[in-house]
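Comments concern the structure below.
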Amino acid sequence: MRVLVVTAVPVERDAVTRAFGGAPEAVALPGGELHRRGAFDVLAGGAGPAAAAAATAFALASASAPYGLVVSAGIGGAFTPLTPLGSLVVASDLVAADLGADTPDGFLPVTALGFGRDRFTAPPALVREVAAAAGATAGTVLTVSTVTGTAERAADLLAAHPGALAEAMEGFGVAEAAARAGLPVMELRAVSNAVGPRDRDAWRIGDALAALTDAFGKTAPVLEGWNRHDDRHHS
């Protein structure tokens, strides 16, 4: 079984593939280039949940060999101080934080409207193993279509999702595609900035990308050994 890793942009894809050493094989796909190294296929699928879902679905459907696991990966913002800059987060739950309806009484998730879903849960045993190997914190990671840029919005998200550790833009989209293919999914993020007022001067993108490379170097054996027939998926 192979592992499909989906990032948003090429710089994240390259940070992941650096963890595996050597020069990856480049495989052209419509709308992107997949980098193959060992058991890992790493794809820059585009920013946002829609692009991530489409790219993941196409990669899964066109695969020449079966996948056993799909991973959403990249950098993201964190609700500090639980997850400081440069730290790593593994999603126990991948939540669509802004999928729903705005009402006079506040935001209603899509599930409250009577259709769809707004959450995927990663295999708990896999989350534990990856967190232990990478030295990461495990918890809820929010998927948003609009990156948070104010303290008010950050507070609203935490009020709606107490204990959330981080936000990014692709995890839920990747999970939608993986679920429809019957595959387990997980999300691994390196923290580049704090969720809240937008201050690019405070971002630590280089440090986060280096942390992402280090994380995949440490967790590669765990991820490579994981497949959908493993009994641990149900633990």
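Just remember, in the structure tokens the first chain shown is A, the second B, etc., residues are 1-based per chain, and ligands are 1-based in the order shown.
Summary of the local environment: counting only C-alpha atoms, residues at most 8 Å from stretch 198-208 of chain A, other than itself and those fewer than 5 positions away along its chain, are Ile75, Leu85, Gly86, Ser87, Thr148, Gly149, Thr150, Ala190, Val191, Ser192 and Asn193 of chain A.
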Quick one: contact table of stretch 119-172 of chain A to stretch 89-113 of chain A, 7 Å max, nearest atom pair and distance in Å to one decimal per residue, counting only C-alpha atoms, chain and number order, as a Markdown table?
```
| residue | atom | partner | partner_atom | distance |
| --- | --- | --- | --- | --- |
| A:Arg119 | CA | A:Val95 | CA | 4.4 |
| A:Phe120 | CA | A:Leu94 | CA | 5.1 |
| A:Thr121 | CA | A:Asp93 | CA | 4.4 |
| A:Ala122 | CA | A:Ser92 | CA | 5.4 |
| A:Pro124 | CA | A:Ser92 | CA | 6.9 |
| A:Val127 | CA | A:Ser92 | CA | 6.3 |
| A:Ala131 | CA | A:Val90 | CA | 6.3 |
| A:Ala136 | CA | A:Val89 | CA | 5.2 |
| A:Thr137 | CA | A:Val89 | CA | 4.9 |
| A:Ala138 | CA | A:Val90 | CA | 4.7 |
| A:Gly139 | CA | A:Ser92 | CA | 4.9 |
| A:Thr140 | CA | A:Asp93 | CA | 4.8 |
| A:Val141 | CA | A:Ala91 | CA | 5.3 |
| A:Leu142 | CA | A:Val95 | CA | 4.9 |
| A:Thr143 | CA | A:Ala96 | CA | 4.8 |
| A:Val144 | CA | A:Ala97 | CA | 5.8 |
| A:Gly171 | CA | A:Leu94 | CA | 6.2 |
| A:Phe172 | CA | A:Leu94 | CA | 5.6 |
```
(message) Between A:Ala132, A:Ala39, A:Leu158, A:Leu223, which residue has the minimum interatomic distance to A:Leu88, considering only C-alpha atoms?
(response) A:Ala132
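Excluding A:Leu4 itself and same-chain residues fewer than 6 positions from it, the residues having an atom within 10 Å of it are Leu34, Arg36, Ala39, Phe40, Asp41, Val42, Leu43, Thr56, Ala59, Leu60, Ala63, Pro66, Tyr67, Gly68, Leu69, Val70, Val71, Ser72, Ala178, Val185 and Leu223 of chain A, counting only C-alpha atoms.
Put simply, atom CA of A:Val5 is 6.6 Å away from atom CA of A:Ala73.
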(request) Determine the nearest neighbour of A:Met186 from the options A:Ala133, A:Val6, A:Val16, A:Ala65, counting only C-alpha atoms. (result) A:Val6
(request) Please measure the separation of atom CA of A:Thr83 and atom CA of A:Thr146, giving the value in Å to one decimal. (result) 20.5 Å
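The interatomic distance for the pair atom CA of A:Gly135 and atom CA of A:Pro162 works out to 22.4 Å.
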(request) Can you work out which one of A:Gly173, A:Gly32, A:Gly77, A:Gly114 has the shortest atom-to-atom distance to A:Val195, counting only C-alpha atoms? (result) A:Gly77
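Residue nearest A:Gly76 within the list A:Gly217, A:Ala160, A:Val147, A:Ala175: A:Val147 [criterion: smallest interatomic distance, only C-alpha atoms].
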(request) Please run DSSP on the backbone and report, as an MDAnalysis selection string, all residues within stretch 15-120 of chain A that come out as strand (DSSP E or B). (result) chainID A and resid 25:29 32:37 40:44 67:78 88:96 100:103 106:109 119:120
Just want the 7 Å neighbourhood of A:Ala134, counted on only C-alpha atoms, with same-chain residues fewer than 3 positions away dropped. Output as a compact mmCIF listing (two decimals) with C-alpha atoms, in the first residue's frame.
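Final output, saved to result_39.txt:
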```
# COMPACT_ATOMS: atom_id res chain seq x y z
CA VAL A 130 2.32 9.89 14.70
CA ALA A 131 2.12 12.35 17.61
CA ALA A 215 8.16 15.50 11.13
CA LYS A 218 10.39 10.84 11.97
CA THR A 219 6.95 9.52 11.07
```
(message) Under the rule that only C-alpha atoms are counted, which of A:Gly182, A:Gly38, A:Pro49, A:Pro123 is the nearest residue to A:Gly22?
(response) A:Gly38
(request) Compile the contact shell of stretch 50-54 of chain A as number ranges by chain: residues with an atom at most 6 Å away, counting only C-alpha atoms, same-chain residues fewer than 3 positions apart removed. (result) A: 45-46, 57, 170, 173-174, 177
Resulting file, chosen residues, N, CA, C and O atoms, as an mmCIF file, in the first residue's frame:
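Saved the output as out-v9.cif:
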```cif
data_model
loop_
_atom_site.group_PDB
_atom_site.id
_atom_site.type_symbol
_atom_site.label_atom_id
_atom_site.label_comp_id
_atom_site.auth_asym_id
_atom_site.auth_seq_id
_atom_site.Cartn_x
_atom_site.Cartn_y
_atom_site.Cartn_z
ATOM 1 N N GLY A 45 -1.933 20.083 -4.226
ATOM 2 C CA GLY A 45 -3.258 20.047 -4.818
ATOM 3 C C GLY A 45 -3.953 21.377 -4.965
ATOM 4 O O GLY A 45 -5.029 21.448 -5.556
ATOM 5 N N GLY A 46 -3.373 22.447 -4.397
ATOM 6 C CA GLY A 46 -4.011 23.755 -4.461
ATOM 7 C C GLY A 46 -4.553 24.186 -3.114
ATOM 8 O O GLY A 46 -4.749 23.371 -2.213
ATOM 9 N N ALA A 57 -9.155 13.485 -5.009
ATOM 10 C CA ALA A 57 -10.032 12.528 -5.686
ATOM 11 C C ALA A 57 -9.429 12.078 -7.012
ATOM 12 O O ALA A 57 -9.461 10.883 -7.352
ATOM 13 N N GLU A 170 -7.191 22.991 3.965
ATOM 14 C CA GLU A 170 -7.349 21.843 3.072
ATOM 15 C C GLU A 170 -7.800 20.537 3.721
ATOM 16 O O GLU A 170 -8.307 19.653 3.035
ATOM 17 N N GLY A 173 -11.295 18.985 2.998
ATOM 18 C CA GLY A 173 -11.452 18.626 1.592
ATOM 19 C C GLY A 173 -10.736 17.329 1.258
ATOM 20 O O GLY A 173 -11.272 16.466 0.548
ATOM 21 N N VAL A 174 -9.525 17.169 1.756
ATOM 22 C CA VAL A 174 -8.778 15.923 1.564
ATOM 23 C C VAL A 174 -9.546 14.759 2.187
ATOM 24 O O VAL A 174 -9.651 13.675 1.599
ATOM 25 N N ALA A 177 -12.551 13.449 0.070
ATOM 26 C CA ALA A 177 -12.148 12.575 -1.031
ATOM 27 C C ALA A 177 -11.693 11.213 -0.526
ATOM 28 O O ALA A 177 -12.034 10.174 -1.101
#
```
(message) I need the helix (DSSP H, G or I) residues of chain A per DSSP on the backbone, written as a PyMOL selection string.
(response) chain A and resi 10-18+49-61+110-113+124-134+151-160+171-180+200-202+205-224+231-234
